[in-house]
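Dropping my_file23.pdb in here (PDB, C-alpha atoms):
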ATOM      1  CA  MET A   1     -31.913   8.404   5.558
ATOM      2  CA  PRO A   2     -32.379   4.597   5.457
ATOM      3  CA  ARG A   3     -35.955   3.372   5.571
ATOM      4  CA  PHE A   4     -37.015   0.368   7.664
ATOM      5  CA  SER A   5     -40.331  -1.464   7.526
ATOM      6  CA  LEU A   6     -41.837  -3.152  10.581
ATOM      7  CA  PRO A   7     -42.475  -6.907  10.278
ATOM      8  CA  ASN A   8     -46.097  -8.002  10.091
ATOM      9  CA  SER A   9     -47.692 -10.451  12.551
ATOM     10  CA  ALA A  10     -47.022 -13.455  10.295
ATOM     11  CA  SER A  11     -43.339 -12.571  10.129
ATOM     12  CA  LEU A  12     -43.180 -12.191  13.895
ATOM     13  CA  ALA A  13     -44.734 -15.621  14.375
ATOM     14  CA  ALA A  14     -42.186 -17.171  12.041
ATOM     15  CA  LEU A  15     -39.342 -15.493  13.907
ATOM     16  CA  ALA A  16     -40.505 -16.614  17.375
ATOM     17  CA  PRO A  17     -38.905 -20.122  17.322
ATOM     18  CA  MET A  18     -35.621 -18.614  16.158
ATOM     19  CA  ALA A  19     -35.695 -16.049  18.958
ATOM     20  CA  LEU A  20     -36.362 -18.777  21.506
ATOM     21  CA  ALA A  21     -33.441 -20.849  20.188
ATOM     22  CA  LEU A  22     -31.123 -17.852  20.405
ATOM     23  CA  THR A  23     -32.247 -17.195  23.969
ATOM     24  CA  ILE A  24     -31.520 -20.800  24.979
ATOM     25  CA  ALA A  25     -28.125 -20.730  23.263
ATOM     26  CA  THR A  26     -27.204 -17.489  25.010
ATOM     27  CA  ALA A  27     -28.223 -18.903  28.365
ATOM     28  CA  ALA A  28     -26.202 -22.116  27.905
ATOM     29  CA  PRO A  29     -23.410 -22.492  30.460
ATOM     30  CA  ALA A  30     -19.772 -21.999  29.449
ATOM     31  CA  GLN A  31     -17.890 -25.130  28.460
ATOM     32  CA  ALA A  32     -15.951 -26.682  31.341
ATOM     33  CA  PRO A  33     -12.137 -26.557  31.112
ATOM     34  CA  ASP A  34     -10.473 -29.669  29.680
ATOM     35  CA  PRO A  35      -9.518 -31.911  32.643
ATOM     36  CA  ALA A  36      -6.160 -32.563  30.950
ATOM     37  CA  ARG A  37      -5.161 -29.053  32.067
ATOM     38  CA  ALA A  38      -5.438 -30.013  35.760
ATOM     39  CA  PRO A  39      -1.902 -31.401  36.365
ATOM     40  CA  VAL A  40      -0.367 -28.428  34.568
ATOM     41  CA  GLN A  41      -2.380 -26.014  36.712
ATOM     42  CA  THR A  42      -1.275 -27.918  39.818
ATOM     43  CA  LEU A  43       2.376 -27.631  38.778
ATOM     44  CA  ASP A  44       2.100 -23.947  37.840
ATOM     45  CA  ASP A  45       0.494 -23.078  41.181
ATOM     46  CA  GLY A  46       3.149 -25.045  43.047
ATOM     47  CA  LEU A  47       5.998 -23.330  41.200
ATOM     48  CA  ILE A  48       4.608 -19.850  41.877
ATOM     49  CA  ALA A  49       4.299 -20.785  45.562
ATOM     50  CA  ILE A  50       7.947 -21.875  45.909
ATOM     51  CA  MET A  51       9.117 -18.855  43.939
ATOM     52  CA  LYS A  52       7.297 -16.592  46.377
ATOM     53  CA  GLY A  53       8.880 -18.553  49.241
ATOM     54  CA  GLY A  54      12.226 -17.899  47.607
ATOM     55  CA  LYS A  55      15.286 -17.461  49.783
ATOM     56  CA  LYS A  56      13.187 -17.622  52.929
ATOM     57  CA  LEU A  57      12.331 -21.253  52.198
ATOM     58  CA  GLY A  58      15.840 -22.058  51.046
ATOM     59  CA  PHE A  59      16.665 -24.847  48.628
ATOM     60  CA  ALA A  60      15.642 -27.634  51.023
ATOM     61  CA  GLY A  61      12.363 -25.897  51.865
ATOM     62  CA  ARG A  62      11.482 -25.333  48.218
ATOM     63  CA  ALA A  63      12.300 -28.968  47.391
ATOM     64  CA  ALA A  64      10.154 -30.228  50.264
ATOM     65  CA  GLN A  65       7.240 -28.009  49.207
ATOM     66  CA  ILE A  66       7.334 -28.859  45.497
ATOM     67  CA  ALA A  67       7.856 -32.630  46.023
ATOM     68  CA  PRO A  68       4.176 -33.559  46.609
ATOM     69  CA  VAL A  69       3.189 -31.306  43.713
ATOM     70  CA  VAL A  70       5.592 -33.166  41.409
ATOM     71  CA  ASP A  71       4.211 -36.494  42.622
ATOM     72  CA  ARG A  72       0.641 -35.393  41.840
ATOM     73  CA  ALA A  73       1.363 -33.753  38.499
ATOM     74  CA  PHE A  74       3.839 -36.159  36.868
ATOM     75  CA  ASP A  75       3.797 -39.826  35.909
ATOM     76  CA  LEU A  76       7.342 -40.290  37.179
ATOM     77  CA  PRO A  77       7.478 -44.100  36.788
ATOM     78  CA  LEU A  78       6.551 -43.822  33.104
ATOM     79  CA  MET A  79       8.934 -40.916  32.526
ATOM     80  CA  THR A  80      11.786 -42.867  34.119
ATOM     81  CA  ARG A  81      11.148 -45.861  31.878
ATOM     82  CA  LEU A  82      10.983 -43.695  28.767
ATOM     83  CA  ALA A  83      14.151 -41.796  29.684
ATOM     84  CA  VAL A  84      16.093 -45.027  30.326
ATOM     85  CA  GLY A  85      14.802 -46.666  27.155
ATOM     86  CA  LEU A  86      15.515 -50.291  26.226
ATOM     87  CA  PRO A  87      17.982 -50.969  29.089
ATOM     88  CA  TRP A  88      14.974 -50.696  31.436
ATOM     89  CA  VAL A  89      13.820 -54.121  30.261
ATOM     90  CA  LYS A  90      17.007 -55.804  31.529
ATOM     91  CA  ALA A  91      17.243 -53.829  34.779
ATOM     92  CA  THR A  92      16.580 -55.694  38.024
ATOM     93  CA  PRO A  93      13.695 -54.647  40.302
ATOM     94  CA  ALA A  94      16.210 -53.041  42.687
ATOM     95  CA  GLU A  95      17.836 -51.111  39.835
ATOM     96  CA  ARG A  96      14.454 -49.919  38.605
ATOM     97  CA  THR A  97      13.526 -48.705  42.082
ATOM     98  CA  ALA A  98      16.842 -46.829  42.375
ATOM     99  CA  LEU A  99      16.405 -45.280  38.919
ATOM    100  CA  GLN A 100      12.902 -44.063  39.732
ATOM    101  CA  ALA A 101      14.041 -42.586  43.049
ATOM    102  CA  ALA A 102      16.944 -40.783  41.376
ATOM    103  CA  PHE A 103      14.751 -39.477  38.550
ATOM    104  CA  ARG A 104      12.198 -38.173  41.055
ATOM    105  CA  LYS A 105      14.948 -36.454  43.050
ATOM    106  CA  LEU A 106      16.316 -34.831  39.882
ATOM    107  CA  THR A 107      12.888 -33.532  38.852
ATOM    108  CA  ILE A 108      12.168 -32.074  42.294
ATOM    109  CA  ASN A 109      15.615 -30.539  42.777
ATOM    110  CA  GLU A 110      15.694 -28.929  39.342
ATOM    111  CA  TYR A 111      12.445 -27.112  40.075
ATOM    112  CA  ALA A 112      13.676 -26.089  43.538
ATOM    113  CA  ARG A 113      16.915 -24.802  42.014
ATOM    114  CA  ASN A 114      15.493 -23.038  38.965
ATOM    115  CA  PHE A 115      12.383 -21.475  40.549
ATOM    116  CA  ASP A 116      14.022 -19.817  43.533
ATOM    117  CA  ASP A 117      12.684 -16.259  43.443
ATOM    118  CA  TRP A 118       9.541 -14.382  42.430
ATOM    119  CA  SER A 119       9.542 -11.002  40.706
ATOM    120  CA  GLY A 120       6.114 -10.911  39.119
ATOM    121  CA  GLN A 121       6.268 -14.136  37.103
ATOM    122  CA  ALA A 122       2.988 -15.710  36.035
ATOM    123  CA  PHE A 123       1.819 -18.741  34.072
ATOM    124  CA  ALA A 124      -0.996 -18.693  31.516
ATOM    125  CA  ILE A 125      -2.472 -21.959  30.244
ATOM    126  CA  ASP A 126      -3.834 -22.002  26.710
ATOM    127  CA  PRO A 127      -7.532 -22.944  26.921
ATOM    128  CA  LYS A 128      -7.159 -24.949  23.689
ATOM    129  CA  VAL A 129      -5.863 -28.463  24.367
ATOM    130  CA  ASP A 130      -4.523 -30.435  21.400
ATOM    131  CA  ALA A 131      -5.092 -34.180  20.978
ATOM    132  CA  ARG A 132      -2.058 -36.437  20.499
ATOM    133  CA  GLY A 133      -3.656 -39.814  19.952
ATOM    134  CA  GLY A 134      -4.953 -40.782  23.372
ATOM    135  CA  ASP A 135      -2.745 -38.111  24.975
ATOM    136  CA  ARG A 136      -3.190 -34.352  25.167
ATOM    137  CA  LEU A 137      -0.808 -31.425  24.667
ATOM    138  CA  VAL A 138      -1.302 -28.526  27.086
ATOM    139  CA  LYS A 139       0.525 -25.304  26.221
ATOM    140  CA  THR A 140       1.531 -22.626  28.714
ATOM    141  CA  THR A 141       3.390 -19.335  28.699
ATOM    142  CA  LEU A 142       5.633 -18.106  31.496
ATOM    143  CA  THR A 143       5.834 -14.332  31.658
ATOM    144  CA  ALA A 144       7.966 -12.021  33.778
ATOM    145  CA  PRO A 145       8.421  -8.237  33.833
ATOM    146  CA  ARG A 146      11.067  -7.043  31.355
ATOM    147  CA  GLU A 147      11.690 -10.585  30.099
ATOM    148  CA  ALA A 148      10.637 -12.379  26.933
ATOM    149  CA  PRO A 149       7.769 -14.864  27.410
ATOM    150  CA  VAL A 150       8.763 -18.534  27.570
ATOM    151  CA  SER A 151       6.579 -21.200  25.970
ATOM    152  CA  ILE A 152       6.341 -24.551  27.759
ATOM    153  CA  ALA A 153       4.120 -27.420  26.613
ATOM    154  CA  TYR A 154       3.197 -30.576  28.505
ATOM    155  CA  ARG A 155       2.195 -33.959  27.151
ATOM    156  CA  VAL A 156      -0.373 -35.475  29.485
ATOM    157  CA  HIS A 157      -2.201 -38.780  29.568
ATOM    158  CA  GLN A 158      -4.920 -40.335  31.668
ATOM    159  CA  VAL A 159      -4.036 -42.603  34.587
ATOM    160  CA  GLY A 160      -7.263 -43.958  36.025
ATOM    161  CA  ALA A 161      -9.441 -40.949  36.788
ATOM    162  CA  ASP A 162      -6.484 -38.535  36.804
ATOM    163  CA  TRP A 163      -4.333 -36.870  34.175
ATOM    164  CA  LYS A 164      -0.543 -36.908  34.517
ATOM    165  CA  ILE A 165       2.317 -35.172  32.744
ATOM    166  CA  SER A 166       4.555 -37.527  30.757
ATOM    167  CA  ASP A 167       6.852 -35.063  28.970
ATOM    168  CA  VAL A 168       7.793 -31.384  28.960
ATOM    169  CA  TYR A 169       8.591 -29.373  25.817
ATOM    170  CA  PHE A 170      10.697 -26.227  26.191
ATOM    171  CA  LYS A 171       9.623 -23.596  23.652
ATOM    172  CA  ASN A 172       6.905 -26.087  22.676
ATOM    173  CA  ALA A 173       9.496 -28.104  20.750
ATOM    174  CA  ILE A 174      12.423 -29.477  22.774
ATOM    175  CA  SER A 175      11.384 -32.714  24.500
ATOM    176  CA  GLN A 176      12.828 -33.116  27.982
ATOM    177  CA  LEU A 177      12.588 -36.908  27.731
ATOM    178  CA  THR A 178      14.408 -36.990  24.396
ATOM    179  CA  THR A 179      17.175 -34.801  25.842
ATOM    180  CA  ARG A 180      17.500 -36.967  28.932
ATOM    181  CA  ARG A 181      17.530 -40.201  26.930
ATOM    182  CA  ALA A 182      20.367 -38.872  24.779
ATOM    183  CA  ASP A 183      22.292 -37.911  27.946
ATOM    184  CA  PHE A 184      21.652 -41.269  29.633
ATOM    185  CA  GLU A 185      22.433 -43.512  26.655
ATOM    186  CA  ALA A 186      26.246 -43.365  26.785
ATOM    187  CA  ILE A 187      26.320 -43.772  30.578
ATOM    188  CA  LEU A 188      24.081 -46.836  30.420
ATOM    189  CA  ALA A 189      26.252 -48.332  27.672
ATOM    190  CA  LYS A 190      29.389 -47.975  29.787
ATOM    191  CA  GLY A 191      28.210 -48.635  33.324
ATOM    192  CA  GLY A 192      24.627 -49.843  33.230
ATOM    193  CA  PRO A 193      21.843 -48.767  35.621
ATOM    194  CA  THR A 194      24.189 -48.377  38.621
ATOM    195  CA  ALA A 195      26.294 -45.800  36.797
ATOM    196  CA  LEU A 196      23.180 -43.988  35.615
ATOM    197  CA  VAL A 197      21.756 -43.765  39.141
ATOM    198  CA  SER A 198      25.028 -42.179  40.285
ATOM    199  CA  HIS A 199      24.972 -39.762  37.330
ATOM    200  CA  ILE A 200      21.368 -38.689  37.945
ATOM    201  CA  ASN A 201      21.997 -38.143  41.650
ATOM    202  CA  THR A 202      25.050 -36.015  40.809
ATOM    203  CA  LEU A 203      22.887 -33.862  38.537
ATOM    204  CA  ALA A 204      20.230 -33.601  41.236
ATOM    205  CA  ASP A 205      22.739 -32.469  43.862
ATOM    206  CA  LYS A 206      24.058 -29.544  41.805
ATOM    207  CA  ARG A 207      23.447 -26.122  43.341
TER     208      ARG A 207
END

Starting from the file, lay out its structure as structure tokens.
Amino acid sequence: MPRFSLPNSASLAALAPMALALTIATAAPAQAPDPARAPVQTLDDGLIAIMKGGKKLGFAGRAAQIAPVVDRAFDLPLMTRLAVGLPWVKATPAERTALQAAFRKLTINEYARNFDDWSGQAFAIDPKVDARGGDRLVKTTLTAPREAPVSIAYRVHQVGADWKISDVYFKNAISQLTTRRADFEAILAKGGPTALVSHINTLADKR
């Protein structure tokens, strides 16, 4: 049987500061969640809500419900500029306004179209947020019964006191902005901003 000796009074006195430090450390409050996660949480909650509304809301109802969520969560003006690329510099103010409106419509309608029913889906946000220069990368997982989990990451940056999403990465790798820019490039080269606005609106109106 192992033998243990009791510490003497001198040993106990030496251990007292350590015990106090451990007590304070144990009582310390949990670290607050990274504020960069906030826009992603807002989007996830909004998507679950329209999925649960499903067919009862209808496409128009889901679009109307998710629209203010998209406006809060995303930096749509920045995303439009990045998706258009260099031709943005030469676009007129009216063309820029039309491009932003079309891009917003596309973002809203794609969510309303793709998240149209709920069958137990849930989002989980990784508590670890990665730094990307001054930006942050927030990773999530979408799960559903009898389906493989889907990884979605969001690049977010600070706008004033808020954080906003500036890009979405499917499977944590495929940049939505890079994909859109590649799609938009040929259309801009042929028809300029006017043709691109028409193209984006056509994509947004698909059912």

Please put the answer as lines of an AutoDock Vina configuration file: centre and edge lengths, in Å with one decimal, of a box along x, y and z that encloses all listed atoms of range 170-178 of chain A plus 8 Å on each side.
center_x = 10.7
center_y = -30.3
center_z = 24.4
size_x = 23.5
size_y = 29.4
size_z = 23.2

- Residues matched by the PyMOL selection byres ((chain A and resi 160-169) around 10), written as a PyMOL selection string: chain A and resi 35-40+43+70-80+82-83+135-139+151-159+170-178

- Item | From A:Ile108, A:Ala144, A:Ile50, A:Ala101, residue lying nearest Ala122 in chain A [all atoms listed in the file] | A:Ala144

- CA of Ala204 in chain A to CA of Gln41 in chain A measures 24.3 Å

- Item | Asp116 in chain A environment, 6 Å, all atoms listed in the file, sequence neighbours closer than 2 positions dropped, as a PyMOL selection string | chain A and resi 51+54+113-114

- Query: Using only C-alpha atoms, which of the listed residues (A:Arg132, A:Asp183, A:Lys206, A:Pro127) sits closest to Pro33 in chain A?
  - Reply: A:Pro127

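Taking CA of Pro87 in chain A and CA of Pro68 in chain A as endpoints, the distance between them is 28.3 Å.
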
- Excluding range 185-187 of chain A and residues on its chain fewer than 5 positions from it, collect all residues at most 8 Å away from it, counting all atoms listed in the file, and give them as JSON, numbers by chain. {"A": [84, 192, 195, 196, 199]}

- Note on the structure: Pairwise distance, CA of Thr202 in chain A with CA of Ala112 in chain A, equals 15.3 Å

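When you apply the PyMOL selection byres ((chain A and resi 53) around 12) to this structure, what comes back is Gly46, Leu47, Ile48, Ala49, Ile50, Met51, Lys52, Gly54, Lys55, Lys56, Leu57, Gly58, Phe59, Ala60, Gly61, Arg62, Ala63, Ala64, Gln65, Ile66, Ala112, Phe115, Asp116, Asp117, Trp118 and Ser119 of chain A.
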
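Proximity ranking of A:Ala67, A:Thr92, A:Gly133, A:Ser198 relative to Asn109 in chain A places A:Ala67 first, based on only C-alpha atoms.
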
- Starting from the shown file, work through the PyMOL selection byres ((chain A and resi 94-96) around 9) and note down what comes out as a ChimeraX atom specification. /A:80-81,88,91-93,97-101,193-194,197
